[in-house]
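Novice: Structure below; questions to follow.
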Amino acid sequence: MTDSFGSHFRTWKNQYIDLVESKTDKIISLVTEHPTPAHCESLKKLIAPFSTVFCEIGPGSGGHLIELAARNPTAAYVGFELRFKRAFKTVQKAEKRGIKNLFVVRANALTMKEFFAPASLAGVYVNFPDPWSKKHWKKNRILNPSFLEVLQELLAVDGFLSYKTDHLEYFEETLETVGKMPRFSIRKLTKDLYASEFVEANIPTEFENLFKSQGLKINFFEAVKLGN
Ligand SMILES: C[S@@+](CC[C@H](N)C(=O)[O-])C[C@H]1O[C@@H](n2cnc3c(N)ncnc32)[C@H](O)[C@@H]1O
C-alpha cells in the first residue's frame, strides 16, 4: 500500500491479539463492549472446579495476581485487564510457574457484573488504577460510586475490597464513598503501607515497586462486606 507521500506502509496489527485468542483455556477476550452469553459460559466453565473466586481489576503485568494464585491454588483468580499484551504475558508467566488457577478476562472491568452472580466473589483487588488526575477526566475513574455499588453487590458476605494507590486524592475520595456505604466496613487502613503493620502480608505490584522506589507513600484500605 502507498500513502499520499508515496511511501509504503503496512497495516499494523497488535501481535498479541492473536496470541490472546490462542489461549482460550485461560483468557476470555471480548470483541465488543459487552460479553456474549458464550463468553460468560466459557468463564463459568473455567472457574467451575473452584468454590472460591477472587478478582483483580487491571492486574497489568500480573505479578500480584500470579503470586496470589500461587499461594492459594484451591481458589480461582480472575484478572480483568484491558490490554492484550498484559493479559497474554500474565497468563504466559503463570503457565511457566505451573499455575492452573489463574484466568484473565481481556475486557473492561466494568463488565464484571455481566460475568458474576451477586454475592459470588470472595475478594476484589484494585491496585494502582489509572488516576485520571485532570479534573475533566475524573469521570473515567474505575472506582466511581456506581461501580463501587456493583463491587459491593458482587462480593459475598465477609468478602473484601482491597485497594492500593499512590494517589492520595483518589484514595481519600474512594475511602469517603466506601465509608458511606452501609454494607461496607473498613477493617484495614493506612496512608503509609510500608510503615504499617500490613506490610508483612503485602504482595507488591509492578507499579507499586516503581512508586516506592520514587519515595512515594502507598495508601491502602481493605473494606469487608457486612451481612444484613
Ligand atoms: C496503572 S496500571 C497498574 C497495573 C497493576 N495493577 C500494578 O499495580 O502494577 C493500570 C492497569 O489497569 C488496566 N486498566 C485500566 N482501566 C481498566 C479497565 N477499565 N478495565 C480493566 N483494566 C483496566 C490498564 O491496562 C493497566 O494494565
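Please note that chains go A, B, ... in the order of the C-alpha cells, that every chain numbers its residues from 1, and that ligands are numbered from 1 in the order shown.
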Could you list, with a cut-off of 7 Å and counting only C-alpha atoms and all ligand atoms, the residues of chain A near ligand 1, each shown with its nearest atom pair and the distance in Å rounded to one decimal, rows sorted by chain and ascending number, as JSON lines?

Specialist:
```
{"residue": "A:Ile57", "atom": "CA", "partner": "ligand 1", "partner_atom_place_in_ligand_line": "21 (C)", "distance": 5.6}
{"residue": "A:Gly58", "atom": "CA", "partner": "ligand 1", "partner_atom_place_in_ligand_line": "12 (O)", "distance": 3.3}
{"residue": "A:Pro59", "atom": "CA", "partner": "ligand 1", "partner_atom_place_in_ligand_line": "6 (N)", "distance": 4.2}
{"residue": "A:Gly60", "atom": "CA", "partner": "ligand 1", "partner_atom_place_in_ligand_line": "27 (O)", "distance": 3.3}
{"residue": "A:Ser61", "atom": "CA", "partner": "ligand 1", "partner_atom_place_in_ligand_line": "9 (O)", "distance": 6.3}
{"residue": "A:Gly62", "atom": "CA", "partner": "ligand 1", "partner_atom_place_in_ligand_line": "5 (C)", "distance": 6.9}
{"residue": "A:Phe80", "atom": "CA", "partner": "ligand 1", "partner_atom_place_in_ligand_line": "21 (C)", "distance": 5.0}
{"residue": "A:Glu81", "atom": "CA", "partner": "ligand 1", "partner_atom_place_in_ligand_line": "22 (N)", "distance": 3.8}
{"residue": "A:Leu82", "atom": "CA", "partner": "ligand 1", "partner_atom_place_in_ligand_line": "22 (N)", "distance": 4.3}
{"residue": "A:Arg83", "atom": "CA", "partner": "ligand 1", "partner_atom_place_in_ligand_line": "25 (O)", "distance": 4.9}
{"residue": "A:Arg86", "atom": "CA", "partner": "ligand 1", "partner_atom_place_in_ligand_line": "27 (O)", "distance": 6.5}
{"residue": "A:Ala107", "atom": "CA", "partner": "ligand 1", "partner_atom_place_in_ligand_line": "21 (C)", "distance": 5.9}
{"residue": "A:Asn108", "atom": "CA", "partner": "ligand 1", "partner_atom_place_in_ligand_line": "20 (N)", "distance": 3.6}
{"residue": "A:Ala109", "atom": "CA", "partner": "ligand 1", "partner_atom_place_in_ligand_line": "20 (N)", "distance": 3.8}
{"residue": "A:Leu110", "atom": "CA", "partner": "ligand 1", "partner_atom_place_in_ligand_line": "19 (N)", "distance": 6.1}
{"residue": "A:Val126", "atom": "CA", "partner": "ligand 1", "partner_atom_place_in_ligand_line": "6 (N)", "distance": 6.7}
{"residue": "A:Asn127", "atom": "CA", "partner": "ligand 1", "partner_atom_place_in_ligand_line": "6 (N)", "distance": 4.3}
{"residue": "A:Phe128", "atom": "CA", "partner": "ligand 1", "partner_atom_place_in_ligand_line": "8 (O)", "distance": 4.6}
{"residue": "A:Pro129", "atom": "CA", "partner": "ligand 1", "partner_atom_place_in_ligand_line": "10 (C)", "distance": 4.7}
{"residue": "A:Asp130", "atom": "CA", "partner": "ligand 1", "partner_atom_place_in_ligand_line": "1 (C)", "distance": 4.7}
{"residue": "A:Ile142", "atom": "CA", "partner": "ligand 1", "partner_atom_place_in_ligand_line": "19 (N)", "distance": 5.9}
{"residue": "A:Thr205", "atom": "CA", "partner": "ligand 1", "partner_atom_place_in_ligand_line": "9 (O)", "distance": 4.4}
{"residue": "A:Glu206", "atom": "CA", "partner": "ligand 1", "partner_atom_place_in_ligand_line": "9 (O)", "distance": 3.9}
{"residue": "A:Phe207", "atom": "CA", "partner": "ligand 1", "partner_atom_place_in_ligand_line": "9 (O)", "distance": 3.8}
{"residue": "A:Glu208", "atom": "CA", "partner": "ligand 1", "partner_atom_place_in_ligand_line": "8 (O)", "distance": 5.6}
```

Novice: Using only C-alpha atoms, I'd like a table of the residues in range 36-93 of chain A that come within 9 Å of range 12-17 of chain A; for each, show the closest atom pair and its distance in Å rounded to one decimal, ordered by chain and ascending number, as JSON lines.

Specialist:
```
{"residue": "A:Phe84", "atom": "CA", "partner": "A:Tyr16", "partner_atom": "CA", "distance": 5.6}
{"residue": "A:Lys85", "atom": "CA", "partner": "A:Tyr16", "partner_atom": "CA", "distance": 5.3}
{"residue": "A:Arg86", "atom": "CA", "partner": "A:Tyr16", "partner_atom": "CA", "distance": 8.9}
{"residue": "A:Ala87", "atom": "CA", "partner": "A:Tyr16", "partner_atom": "CA", "distance": 8.8}
{"residue": "A:Phe88", "atom": "CA", "partner": "A:Tyr16", "partner_atom": "CA", "distance": 7.0}
```

Novice: Keeping only all heavy atoms, write the selected residues as a compact mmCIF listing (two decimals), in the first residue's frame.

Specialist:
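Resulting contents of result_27.txt:
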```txt
# COMPACT_ATOMS: atom_id res chain seq x y z
N PHE A 84 -4.17 -6.35 25.63
CA PHE A 84 -3.89 -7.69 25.11
C PHE A 84 -2.52 -8.19 25.59
O PHE A 84 -2.40 -9.32 26.06
CB PHE A 84 -3.89 -7.66 23.58
CG PHE A 84 -5.26 -7.55 22.98
CD1 PHE A 84 -5.82 -6.31 22.71
CD2 PHE A 84 -6.01 -8.69 22.68
CE1 PHE A 84 -7.10 -6.20 22.16
CE2 PHE A 84 -7.27 -8.59 22.13
CZ PHE A 84 -7.81 -7.34 21.87
N LYS A 85 -1.50 -7.33 25.45
CA LYS A 85 -0.14 -7.78 25.79
C LYS A 85 -0.06 -8.17 27.26
O LYS A 85 0.51 -9.21 27.63
CB LYS A 85 0.87 -6.67 25.46
CG LYS A 85 2.29 -7.06 25.72
CD LYS A 85 3.26 -5.98 25.26
CE LYS A 85 4.70 -6.38 25.57
NZ LYS A 85 5.65 -5.36 25.13
N ARG A 86 -0.63 -7.33 28.12
CA ARG A 86 -0.56 -7.61 29.56
C ARG A 86 -1.35 -8.86 29.92
O ARG A 86 -0.93 -9.66 30.75
CB ARG A 86 -1.04 -6.38 30.34
CG ARG A 86 -0.06 -5.23 30.19
CD ARG A 86 -0.48 -3.99 30.92
NE ARG A 86 0.51 -2.95 30.68
CZ ARG A 86 0.44 -1.72 31.15
NH1 ARG A 86 -0.58 -1.36 31.91
NH2 ARG A 86 1.37 -0.84 30.89
N ALA A 87 -2.51 -9.04 29.26
CA ALA A 87 -3.32 -10.24 29.51
C ALA A 87 -2.53 -11.48 29.12
O ALA A 87 -2.43 -12.46 29.89
CB ALA A 87 -4.62 -10.16 28.71
N PHE A 88 -1.92 -11.45 27.94
CA PHE A 88 -1.18 -12.61 27.46
C PHE A 88 0.04 -12.90 28.32
O PHE A 88 0.28 -14.05 28.73
CB PHE A 88 -0.76 -12.40 25.99
CG PHE A 88 0.05 -13.54 25.47
CD1 PHE A 88 -0.56 -14.75 25.12
CD2 PHE A 88 1.43 -13.44 25.35
CE1 PHE A 88 0.20 -15.82 24.66
CE2 PHE A 88 2.19 -14.51 24.90
CZ PHE A 88 1.57 -15.70 24.55
```

Novice: Calculate how many Å separate CA of Phe220 in chain A from CA of Gly159 in chain A, rounding to one decimal.

Specialist: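 If I compute the distance from CA of Phe220 in chain A to CA of Gly159 in chain A, I get 16.6 Å.
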
Novice: Tell me, as a PyMOL selection string, which residues lie within 6 Å of range 172-186 of chain A, counting only C-alpha atoms; anything in the same chain fewer than 6 positions away does not count.

Specialist: chain A and resi 222-226

Novice: From range 13-161 of chain A, collect each residue whose DSSP state is strand (DSSP E) and return the set as JSON, numbers by chain.

Specialist: {"A": [27, 28, 29, 53, 54, 55, 56, 57, 76, 77, 78, 79, 80, 102, 103, 104, 105, 106, 121, 122, 123, 124, 125, 126, 127, 155, 156, 157, 158, 159, 160, 161]}

Novice: DSSP on the backbone: which residues in range 11-173 of chain A end up as helix (DSSP H, G or I)? Give the answer as a PyMOL selection string.

Specialist: chain A and resi 15-21+37-47+63-71+84-96+109-115+135-140+145-154+168-173

Novice: Can you tell me which residues surround range 133-139 of chain A at a distance of at most 12 Å, considering only C-alpha atoms, apart from same-chain residues fewer than 3 positions away, and format the answer as a ChimeraX atom specification?

Specialist: /A:129-130,142-147,167-171,173

Novice: Which distance in Å separates CA of Tyr163 in chain A and CA of Glu56 in chain A, to one decimal?

Specialist: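 Atom-to-atom, CA of Tyr163 in chain A to CA of Glu56 in chain A, that is 10.1 Å.
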
Novice: Show which residues sit within 7 Å of Lys191 in chain A, as a list of chain:residue names. Count only C-alpha atoms, and ignore same-chain residues fewer than 5 positions away.

Specialist: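 Once the adjacent positions are removed, what remains is A:Lys217, A:Ile218, A:Asn219, A:Phe220.
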
Novice: Would you write out those residues with N, CA, C and O atoms, as a tab-separated table (two decimals), in the first residue's frame?

Specialist:
```tsv
chain	number	residue	atom	x	y	z
A	217	LYS	N	4.52	7.49	49.03
A	217	LYS	CA	3.83	6.67	50.05
A	217	LYS	C	2.69	5.89	49.38
A	217	LYS	O	2.04	6.39	48.48
A	218	ILE	N	2.48	4.69	49.89
A	218	ILE	CA	1.41	3.84	49.34
A	218	ILE	C	0.24	3.83	50.32
A	218	ILE	O	0.40	3.51	51.50
A	219	ASN	N	-0.93	4.19	49.79
A	219	ASN	CA	-2.16	4.17	50.58
A	219	ASN	C	-2.84	2.82	50.39
A	219	ASN	O	-2.83	2.26	49.28
A	220	PHE	N	-3.46	2.33	51.44
A	220	PHE	CA	-4.10	1.01	51.36
A	220	PHE	C	-5.32	0.96	52.27
A	220	PHE	O	-5.27	1.42	53.40
```

Novice: Write out as a list in words the residues lying within 7 Å of Leu154 in chain A, counting only C-alpha atoms and excluding same-chain residues fewer than 4 positions away.

Specialist: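 Result of the neighbour search: Phe116, Ala117, Pro118, Ala119, Ser120, Leu121 and Val150 of chain A.
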
Novice: Measuring between only C-alpha atoms, which one of A:Leu161, A:Thr190, A:Pro131, A:Val78 shows the shortest distance to Glu149 in chain A?

Specialist: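 For Glu149 in chain A, the nearest of the candidates is A:Leu161.
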